[in-house]
file input-v2.txt (compact mmCIF, C-alpha atoms)
# COMPACT_ATOMS: atom_id res chain seq x y z
CA MET A 215 265.94 258.95 257.47
CA ILE A 216 267.39 255.59 256.42
CA ARG A 217 270.96 256.97 256.62
CA SER A 218 270.72 257.52 260.37
CA THR A 219 271.69 254.68 262.71
CA THR A 220 268.25 254.87 264.37
CA GLY A 221 266.56 254.49 260.98
CA LYS A 222 268.66 251.43 260.13
CA ALA A 223 268.03 249.89 263.56
CA LEU A 224 264.27 250.51 263.23
CA LEU A 225 264.23 248.94 259.76
CA SER A 226 266.12 245.88 261.03
CA ILE A 227 263.62 245.45 263.88
CA TRP A 228 260.70 246.05 261.50
CA LEU A 229 261.87 243.35 259.03
CA THR A 230 262.62 240.92 261.88
CA LEU A 231 259.08 241.37 263.19
CA VAL A 232 257.66 240.84 259.67
CA ILE A 233 259.63 237.58 259.29
CA VAL A 234 258.62 236.35 262.77
CA ALA A 235 254.94 237.24 262.17
CA GLY A 236 254.97 235.71 258.69
CA LEU A 237 256.38 232.42 259.95
CA ALA A 238 254.89 232.14 263.42
CA MET A 239 251.26 233.30 263.15
CA PRO A 240 249.26 230.06 263.26
CA MET A 241 246.92 229.13 260.39
CA VAL A 242 243.52 227.82 261.51
CA PRO A 243 240.28 227.01 259.62
CA VAL A 244 238.34 229.70 261.52
CA PRO A 245 240.51 232.50 262.95
CA ARG A 246 239.25 233.72 266.32
CA THR A 247 242.03 236.00 267.55
CA TRP A 248 244.11 238.79 265.99
CA TYR A 249 247.18 236.61 265.55
CA GLU A 250 245.49 233.70 263.74
CA LEU A 251 245.61 233.51 259.94
CA PRO A 252 242.98 231.69 257.86
CA TRP A 253 243.70 228.27 256.36
CA ILE A 254 243.49 228.82 252.61
CA PRO A 255 242.49 225.70 250.64
CA GLY A 256 244.92 224.94 247.84
CA LEU A 257 247.73 226.94 249.40
CA GLU A 258 247.70 225.91 253.08
CA GLN A 259 250.96 226.96 254.81
CA LYS A 260 252.40 227.94 251.43
CA ALA A 261 250.05 230.98 251.46
CA ARG A 262 252.64 232.67 253.69
CA ILE A 263 254.93 233.02 250.67
CA ILE A 264 252.88 236.08 249.65
CA LEU A 265 254.54 237.89 252.58
CA PHE A 266 258.09 237.24 251.27
CA HIS A 267 257.87 236.63 247.52
CA VAL A 268 255.48 239.41 246.44
CA PRO A 269 257.60 242.15 248.14
CA MET A 270 260.55 241.02 245.95
CA ALA A 271 258.43 241.56 242.82
CA TRP A 272 257.14 244.86 244.23
CA VAL A 273 260.66 246.19 244.92
CA THR A 274 261.68 245.06 241.41
CA LEU A 275 258.94 247.28 240.02
CA VAL A 276 259.87 250.21 242.28
CA ALA A 277 263.52 249.92 241.19
CA PHE A 278 262.78 249.65 237.47
CA ILE A 279 260.34 252.59 237.60
CA SER A 280 262.96 254.65 239.52
CA ALA A 281 265.55 253.75 236.85
CA MET A 282 263.09 255.05 234.25
CA VAL A 283 262.41 258.29 236.18
CA TYR A 284 266.17 258.92 236.60
CA GLY A 285 266.60 258.19 232.89
CA ILE A 286 264.00 260.87 232.07
CA GLN A 287 265.73 263.30 234.43
CA PHE A 288 269.07 262.61 232.75
CA LEU A 289 267.62 263.33 229.28
CA LYS A 290 266.14 266.59 230.63
CA THR A 291 269.23 267.86 232.47
CA LYS A 292 272.20 265.91 230.96
CA ASN A 293 273.46 265.56 234.54
CA LEU A 294 275.49 262.33 234.79
CA ASP A 295 274.45 261.89 238.43
CA TYR A 296 271.03 260.79 237.16
CA ASP A 297 272.67 258.20 234.91
CA LEU A 298 274.49 256.81 237.95
CA LYS A 299 271.19 256.70 239.88
CA SER A 300 269.43 255.04 236.94
CA VAL A 301 272.01 252.26 236.52
CA ASN A 302 272.17 251.60 240.27
CA ALA A 303 268.37 251.38 240.51
CA ALA A 304 268.29 248.99 237.52
CA GLY A 305 271.04 246.87 239.10
CA LEU A 306 269.18 246.55 242.38
CA GLY A 307 265.93 245.88 240.52
CA THR A 308 267.64 242.98 238.75
CA VAL A 309 268.83 241.54 242.09
CA PHE A 310 265.28 241.66 243.50
CA CYS A 311 263.88 240.29 240.22
CA ILE A 312 266.22 237.27 240.48
CA LEU A 313 265.10 236.73 244.10
CA ALA A 314 261.42 236.92 243.05
CA THR A 315 262.09 234.40 240.26
CA VAL A 316 263.97 231.93 242.48
CA THR A 317 261.49 232.10 245.39
CA GLY A 318 258.55 231.77 242.98
CA SER A 319 260.21 228.81 241.31
CA ILE A 320 260.63 226.95 244.62
CA TRP A 321 256.99 227.59 245.46
CA ALA A 322 256.04 226.32 241.97
CA LYS A 323 257.88 223.03 242.60
CA PHE A 324 255.68 222.30 245.62
CA ASN A 325 252.45 223.69 244.17
CA TRP A 326 252.62 222.72 240.51
CA GLY A 327 255.19 219.88 240.62
CA SER A 328 257.94 221.54 238.61
CA PHE A 329 260.39 224.40 239.15
CA TRP A 330 259.55 225.95 235.78
CA ASN A 331 256.27 225.65 233.89
CA TRP A 332 256.34 228.57 231.42
CA ASP A 333 253.22 229.90 233.11
CA PRO A 334 252.45 233.52 231.92
CA ARG A 335 253.75 234.86 235.25
CA GLU A 336 257.03 232.93 234.91
CA THR A 337 257.37 233.85 231.24
CA SER A 338 256.78 237.54 231.95
CA ILE A 339 259.41 237.72 234.72
CA PHE A 340 261.85 235.82 232.49
CA ILE A 341 261.31 238.37 229.68
CA LEU A 342 261.84 241.18 232.22
CA LEU A 343 265.18 239.62 233.26
CA LEU A 344 266.19 239.39 229.59
CA ILE A 345 265.22 243.04 229.01
CA TYR A 346 267.41 244.23 231.89
CA GLY A 347 270.20 241.79 230.97
CA ALA A 348 270.21 243.49 227.56
CA TYR A 349 270.29 246.89 229.31
CA PHE A 350 273.58 246.03 231.04
CA ALA A 351 274.97 244.48 227.83
CA LEU A 352 274.10 247.72 226.02
CA ARG A 353 275.82 249.85 228.66
CA SER A 354 279.00 247.79 228.61
CA SER A 355 279.22 247.98 224.80
CA ILE A 356 279.18 251.80 224.53
CA GLU A 357 282.30 253.94 224.84
CA GLY A 358 281.96 257.47 226.20
CA ALA A 359 280.03 258.41 229.32
CA GLU A 360 277.65 260.92 227.65
CA LYS A 361 276.67 258.63 224.80
CA ARG A 362 276.31 255.63 227.12
CA ALA A 363 274.15 257.64 229.53
CA ALA A 364 271.88 258.98 226.76
CA LEU A 365 271.32 255.58 225.11
CA SER A 366 270.79 253.73 228.37
CA ALA A 367 268.40 256.45 229.59
CA ALA A 368 266.30 255.98 226.44
CA TYR A 369 266.44 252.19 226.91
CA SER A 370 265.54 252.41 230.62
CA ILE A 371 262.44 254.48 229.74
CA ILE A 372 261.19 251.86 227.26
CA ALA A 373 262.08 249.03 229.66
CA GLY A 374 260.45 250.82 232.61
CA VAL A 375 257.19 251.21 230.69
CA THR A 376 257.08 247.44 230.04
CA ALA A 377 257.82 246.48 233.69
CA PRO A 378 254.30 247.13 235.14
CA PHE A 379 252.80 245.35 232.12
CA PHE A 380 254.95 242.24 232.67
CA ILE A 381 254.53 242.22 236.46
CA PHE A 382 250.87 243.22 236.89
CA VAL A 383 248.94 243.16 233.61
CA MET A 384 250.09 240.23 231.45
CA PRO A 385 249.78 237.52 234.14
CA ARG A 386 246.22 238.70 234.94
CA ILE A 387 244.85 238.84 231.39
CA MET A 388 246.09 235.36 230.47
CA SER A 389 244.94 232.08 231.95
CA GLY A 390 247.63 230.16 233.79
CA LEU A 391 248.62 228.28 236.91
CA HIS A 392 249.53 231.27 239.07
CA PRO A 393 246.96 232.47 241.63
CA GLY A 394 245.07 235.45 240.22
CA ALA A 395 245.43 234.41 236.56
CA LYS A 396 242.45 234.92 234.22
CA GLY A 397 239.67 232.47 235.07
CA ASP A 398 241.09 231.62 238.51
CA GLU A 399 238.21 232.47 240.84
CA GLY A 400 238.42 230.03 243.73
CA GLY A 401 241.19 228.61 245.93
CA ALA A 402 244.15 230.95 246.11
CA ALA A 403 242.73 233.69 243.86
CA PRO A 404 241.36 235.87 246.71
CA VAL A 405 244.87 235.99 248.24
CA ALA A 406 246.42 237.06 244.94
CA GLN A 407 243.73 239.75 244.63
CA LEU A 408 244.56 240.92 248.18
CA HIS A 409 241.19 239.84 249.60
CA MET A 410 242.84 238.78 252.84
CA PRO A 411 241.80 239.16 256.47
CA PRO A 412 242.97 242.45 258.05
CA ASN A 413 245.76 240.89 260.17
CA MET A 414 247.32 239.20 257.12
CA LEU A 415 247.00 242.45 255.15
CA VAL A 416 248.82 244.33 257.93
CA VAL A 417 251.76 241.87 257.81
CA PHE A 418 251.70 241.98 254.00
CA PHE A 419 251.87 245.78 253.79
CA ALA A 420 254.44 245.88 256.62
CA SER A 421 256.56 243.51 254.52
CA LEU A 422 256.12 245.65 251.37
CA LEU A 423 257.13 248.77 253.32
CA GLY A 424 260.06 247.05 255.05
CA PHE A 425 261.57 245.65 251.84
CA THR A 426 260.99 248.97 250.03
CA MET A 427 262.94 250.76 252.78
CA LEU A 428 265.64 248.08 252.53
CA TYR A 429 265.85 248.88 248.81
CA VAL A 430 266.22 252.61 249.66
CA TRP A 431 269.06 251.74 252.08
CA LEU A 432 270.88 249.49 249.60
CA PHE A 433 270.41 252.11 246.88
CA SER A 434 271.95 254.81 249.05
CA VAL A 435 274.96 252.58 249.90
CA ARG A 436 275.44 251.71 246.24
CA MET A 437 275.23 255.37 245.21
CA ARG A 438 277.83 256.37 247.78
CA ILE A 439 280.20 253.68 246.46
CA SER A 440 279.60 254.70 242.83
CA LYS A 441 280.32 258.34 243.65
CA LEU A 442 283.58 257.37 245.39
CA GLU A 443 284.53 255.22 242.37
CA GLU A 444 283.90 258.21 240.12
CA HIS A 445 286.37 260.35 242.05
CA HIS A 446 289.12 257.72 241.83
CA MET B 48 263.97 215.92 251.18
CA TYR B 49 261.14 216.67 248.75
CA ASP B 50 258.69 214.48 250.68
CA PHE B 51 259.73 216.08 253.97
CA LEU B 52 259.20 219.60 252.59
CA ALA B 53 255.93 218.62 250.89
CA SER B 54 254.51 217.39 254.18
CA ASN B 55 256.01 220.21 256.29
CA GLN B 56 255.12 223.22 254.19
CA LEU B 57 256.21 225.78 256.75
CA TYR B 58 259.79 224.78 255.94
CA ILE B 59 259.19 225.74 252.28
CA VAL B 60 258.31 229.25 253.45
CA MET B 61 261.41 229.22 255.67
CA CYS B 62 263.53 228.19 252.64
CA ILE B 63 262.08 231.13 250.73
CA VAL B 64 262.92 233.55 253.57
CA LEU B 65 266.46 232.10 253.68
CA ILE B 66 266.88 232.49 249.90
CA ASN B 67 265.92 236.17 250.21
CA TRP B 68 268.36 236.49 253.12
CA PHE B 69 271.28 234.78 251.35
CA GLY B 70 270.56 236.64 248.10
CA LEU B 71 270.73 240.00 249.85
CA LEU B 72 273.76 238.86 251.85
CA ALA B 73 275.58 237.89 248.63
CA TYR B 74 274.74 241.32 247.24
CA LEU B 75 276.05 242.95 250.41
CA PHE B 76 279.34 241.01 250.06
CA ARG B 77 279.64 242.21 246.47
CA ILE B 78 279.24 245.89 247.32
CA ASP B 79 281.50 245.42 250.34
CA GLY B 80 284.18 244.10 247.96
CA ARG B 81 283.82 247.22 245.80
CA LEU B 82 284.19 249.40 248.89
CA ARG B 83 287.30 247.48 250.02
CA LYS B 84 288.95 248.04 246.62
CA LEU B 85 288.26 251.77 246.96
CA GLU B 86 289.72 251.82 250.47
CA GLN B 87 292.85 249.98 249.34
CA SER B 88 293.45 252.35 246.44
CA THR B 89 292.87 255.36 248.74
CA TYR B 90 295.38 254.05 251.30
CA ALA B 91 297.87 253.27 248.51
CA LYS B 92 297.55 256.87 247.24
CA ASP B 93 298.02 258.22 250.77
CA GLU B 94 301.18 256.12 251.28
CA LYS B 95 302.66 257.36 247.99
CA ALA B 96 301.93 260.95 249.01

call {"tool": "encode", "arguments": {"input": "input-v2.txt", "output": "structure tokens"}}
result
Amino acid sequence: MIRSTTGKALLSIWLTLVIVAGLAMPMVPVPRTWYELPWIPGLEQKARIILFHVPMAWVTLVAFISAMVYGIQFLKTKNLDYDLKSVNAAGLGTVFCILATVTGSIWAKFNWGSFWNWDPRETSIFILLLIYGAYFALRSSIEGAEKRAALSAAYSIIAGVTAPFFIFVMPRIMSGLHPGAKGDEGGAAPVAQLHMPPNMLVVFFASLLGFTMLYVWLFSVRMRISKLEEHH
Amino acid sequence: MYDFLASNQLYIVMCIVLINWFGLLAYLFRIDGRLRKLEQSTYAKDEKA
């Protein structure tokens, strides 16, 4: 679907609408119409970041889990196409992970006063970046396509299992500054737990879907390039 | 700059959208570069043939 021109055009329009809605919908203390968002104490206008920062973390997870699934498929079939898919998914996941880290860090500067606070959420995403940095270091240090594919498939499975823990579990079971951390009940916590008004939820899920489809598009372009490189 | 952004928080969100945009654009340039290399080597092969 995403390879057709219509699909790409629809995705571009979809993401444009998400960005316009995310920036332009007014925030008021008591929303009365469908286009008004609630004023969230403690976050104020910064609450809108959930529409652009969380999808980056979500796509990171989707990419790392796909890399793991392709790794499993490679170990089952020994087909090098799956290795190519696995490394491309991990590469894209790293790009989205860096974007999630940078956007979160800017938000942290204005919410917590510093770009980096070693909050559990920041620490966990930093560890995730290190894990996938090591994945690419491992790949570049192994000679021989078969051996490289087998070792990196095994590594991507272990790394993929840790990704949901570092993105969803660890930051919620530890107390910290990030909304939704253990013990954070008031203020921004309801937003982090997705207790949002329906109109904000619609924009949020539209953003998740849009960026996921963008990932699918980028993945398909990257795969086509990798396949061409293989034949050269 | 900091004071301006702190008192006009919508611009912080706009900065975040722009960072996503420039990040993805940089990535697009990178894969475009890889594609260009492939095209050049293909054309070079064709010329030799």

call {"tool": "atom_distance", "arguments": {"input": "input-v2.txt", "atom1": "CA of Tyr249 (chain A)", "atom2": "CA of Asn413 (chain A)"}}
result
7.0 Å

call {"tool": "interface_residues", "arguments": {"input": "input-v2.txt", "of": "chain A", "to": "chain B", "cutoff": "10 Å", "atoms": "all atoms listed in the file", "output": "PyMOL selection string"}}
result
chain A and resi 233+236-238+257-267+270+306+309-310+312-314+316-321+323-325+428+432+435-436+438-440+442-443+446

call {"tool": "residues_around", "arguments": {"input": "input-v2.txt", "residues": "Thr426 (chain A)", "least_positions_apart": "4", "cutoff": "12 Å", "atoms": "all atoms listed in the file", "output": "number ranges by chain"}}
result
A: 216, 225, 228-229, 268-277, 306-307, 310, 419-422, 430-433

call {"tool": "atom_distance", "arguments": {"input": "input-v2.txt", "atom1": "CA of Met388 (chain A)", "atom2": "CA of Ile341 (chain A)"}}
result
15.5 Å

call {"tool": "atom_distance", "arguments": {"input": "input-v2.txt", "atom1": "CA of Arg217 (chain A)", "atom2": "CA of Val234 (chain A)"}}
result
24.8 Å

call {"tool": "closest_residue", "arguments": {"input": "input-v2.txt", "among": "A:Gly358, A:Gly374, A:Leu224, A:Glu444", "to": "Ile286 (chain A)", "atoms": "only C-alpha atoms"}}
result
A:Gly374

call {"tool": "closest_residue", "arguments": {"input": "input-v2.txt", "among": "A:His392, A:Arg386, A:Lys292, A:His409", "to": "Glu360 (chain A)", "atoms": "only C-alpha atoms"}}
result
A:Lys292

call {"tool": "residues_near_point", "arguments": {"input": "input-v2.txt", "point": "(252.0, 238.0, 231.7)", "cutoff": "9 Å", "atoms": "only C-alpha atoms", "output": "NGL selection string"}}
result
:A and (333-339 or 379-388 or 395)

call {"tool": "axis_aligned_box", "arguments": {"input": "input-v2.txt", "around": "region 77-85 of chain B", "padding_each_side": "8 Å", "output": "AutoDock Vina command-line options"}}
result
--center_x 284.1 --center_y 247.0 --center_z 248.1 --size_x 25.7 --size_y 25.6 --size_z 20.5
